[in-house]
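Chemist: One structure coming up, written as structure tokens, with questions to follow.
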Amino acid sequence: MLNKAPKLKQTVKTKMRSNINVRPASEAMIELLTLLFLSSLAEEAKAKAFEEKSATIRAQHVKAVSKKLLKKARG
């Protein structure tokens, strides 16, 4: 598993709607939230694969779980 999401800082800066400065503490919080989301996504996909008696996590497991997790993350 990756220790850090690839190119996260660059992705965040390109997705911002205006040209604002993001403080280092905010960047750290964004990275932590992203890593927490990815780890929970991996855990849920693993559980979904286990339910279907599959030894490996496939794309279909991640897609099925991602919809549910995105709804949960939005609030």
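Labeling convention for the structure tokens: chains A, B, ... as they appear, residues from 1 per chain, ligands from 1 in order of appearance.
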Once DSSP has gone over the backbone, tell me which residues of chain A are in helix (DSSP H, G or I), as JSON, numbers by chain.

Modeler: {"A": [8, 9, 10, 11, 12, 13, 14, 15, 24, 25, 26, 27, 28, 29, 30, 31, 32, 33, 34, 35, 36, 37, 38, 39, 40, 41, 42, 43, 44, 45, 46, 47, 48, 49, 50, 51, 59, 60, 61, 62, 63, 64, 65, 66, 67, 68, 69, 70, 71, 72, 73, 74]}
